[in-house]
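Structure first, then comments.
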Amino acid sequence: MTAQELQHALYYTDALLENLQLRWGEGFLSPGGAPELARMLAGLDVGGRAVLDLGCGIGGYDVLLVEEHGAAHVTGADIDAASLAQAEATARRRGLQDSLDFRHVDPGPLPFADATFGMVFSKDSIVDLTDKAQAFAELYRVAAPGAPIVVSDWFRSAEPFTPEMRDWATEGDETYEMDTLESAAEYVRVAGFTDISLDDRNAWFRDYARDEYERLKGPLFDTYVARFGEAQAEQSVENARIRALLADQGQLRPGHVRARKPAAA
Ligand SMILES: C[S@@+](CC[C@H](N)C(=O)[O-])C[C@H]1O[C@@H](n2cnc3c(N)ncnc32)[C@H](O)[C@@H]1O
């Protein structure tokens, strides 16, 4: 196990995977679920495509890509073996073994041949990567000519950090390597993709994060105490409160980037 894998194994414990799914829905380690995926893909024909999902987690979005959006096949890639095992179990349970395939990857170059995928996708995972330029270059390399790239991620505002944002982004259990939506677009452009479009989701996330905070301190609280103990339940409420505050401050801005590898590439 590499140092980064060890850090992830310590971070993405079974308890955290359960904690996140209780608030965000079964199969999801990021907010939004089916409606947010539909927004990421709006107007794009996913039907029949072979998709790569970088940072697939426990595979909830991969199931939706196949079942609701008609992807022919999804390869989920992740560095976390425990998450991949859960994703594989879900694929078996739903009879999707032929359409879903999960691969353990190391940070860095991806173990796929050039021009393998008809679409490259990532949901709220590139924020975890330290070398984002390399990640987008790799996504470009493994995308087939003409293939779309569809990415959602956590972005910061271009404004200086507020004190709350500084604490959250640098002093929590995990530090975030956070960029602005515009700098992600620049990585995508430098990698070679064209027809770039951006969708800042701060307005949606303000409401979502506020509602999540209300649910955690209200109807979900007793479940959290029963599953994770009083201290962890309180901590989860506090984290949700801070995220809602950062969203209100405009500091925390989920967003989507879409682009396309030129057909002649
Ligand atoms: C916030 S979770 C999102 C998971 C999933 N996309 C979802 O939305 O449910 C981020 C995921 O990225 C994975 N990850 C972090 N660094 C990675 C890397 N270098 N390559 C692949 N996956 C990585 C983590 O293990 C984790 O499963």
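We label chains A, B, ... in the order they appear in the structure tokens, count residues from 1 in each chain, and number ligands from 1 in the order shown.
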Please identify all polymer residues within 10 Å of Asp78 (chain A), counting only C-alpha atoms, omitting same-chain residues fewer than 6 positions from it, and present them as a ChimeraX atom specification.
/A:53-59,84,102-107,125
All residues within 9 Å of ligand 1 are required, counting only C-alpha atoms and all ligand atoms; please report them as a PyMOL selection string.
chain A and resi 4-5+8-9+12+21+24+27-33+53-62+76-84+104-108+110+122-131+135+152-153
Using only C-alpha atoms, pick whichever of A:Ala264, A:Ala247, A:Ala147, A:Ala233 has the shortest atom-to-atom distance to Thr162 (chain A).
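Under the stated criterion, the closest residue is A:Ala247.
Those residues that approach Pro163 (chain A) to within 12 Å, counting only C-alpha atoms, are Trp168, Ala169, Thr170, Glu171, Ile242, Leu245, Leu246, Gln249 and Gln251 of chain A; same-chain residues fewer than 5 positions away are not listed.
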How far is it from CA of Gln134 (chain A) to CA of Asp179 (chain A), in Å with one decimal?
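If I compute the distance from CA of Gln134 (chain A) to CA of Asp179 (chain A), I get 14.7 Å.
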Among A:Leu65, A:Ala158, A:Ala209, A:Pro145, Asp45 (chain A) is approached most closely, using only C-alpha atoms, by A:Leu65
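Take CA of Val74 (chain A) and CA of Gly118 (chain A): the distance between them is 10.1 Å.
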In region 132-176 of chain A, what's helix (DSSP H, G or I) per DSSP? Answer as an NGL selection string?
:A and (132-142 or 163-171)
Selection to disk with C-alpha atoms, as a compact mmCIF listing (two decimals), in the first residue's frame:
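Saved to selection-v5.txt:
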# COMPACT_ATOMS: atom_id res chain seq x y z
CA LYS A 132 -4.63 18.01 -12.04
CA ALA A 133 -2.81 18.90 -15.28
CA GLN A 134 -1.65 15.30 -15.55
CA ALA A 135 -5.16 14.00 -14.76
CA PHE A 136 -6.73 16.02 -17.58
CA ALA A 137 -3.90 15.08 -19.95
CA GLU A 138 -4.54 11.42 -19.16
CA LEU A 139 -8.30 11.81 -19.63
CA TYR A 140 -7.55 13.38 -23.02
CA ARG A 141 -5.17 10.57 -23.99
CA VAL A 142 -7.63 7.77 -23.20
CA PRO A 163 -11.20 32.44 7.75
CA GLU A 164 -13.83 29.67 7.75
CA MET A 165 -12.79 28.56 4.27
CA ARG A 166 -9.12 28.55 5.24
CA ASP A 167 -9.86 26.30 8.22
CA TRP A 168 -12.10 23.97 6.22
CA ALA A 169 -9.83 23.62 3.19
CA THR A 170 -6.60 23.12 5.08
CA GLU A 171 -7.23 21.82 8.57
Which one of A:Arg201, A:Glu214, A:Leu17, A:Ala263 sits closest to Phe228 (chain A) if you count only C-alpha atoms?
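Ranking A:Arg201, A:Glu214, A:Leu17, A:Ala263 by distance to Phe228 (chain A), first place goes to A:Leu17.
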Atom pair CA of Leu198 (chain A) / CA of Phe121 (chain A): separation (Å):
14.6 Å
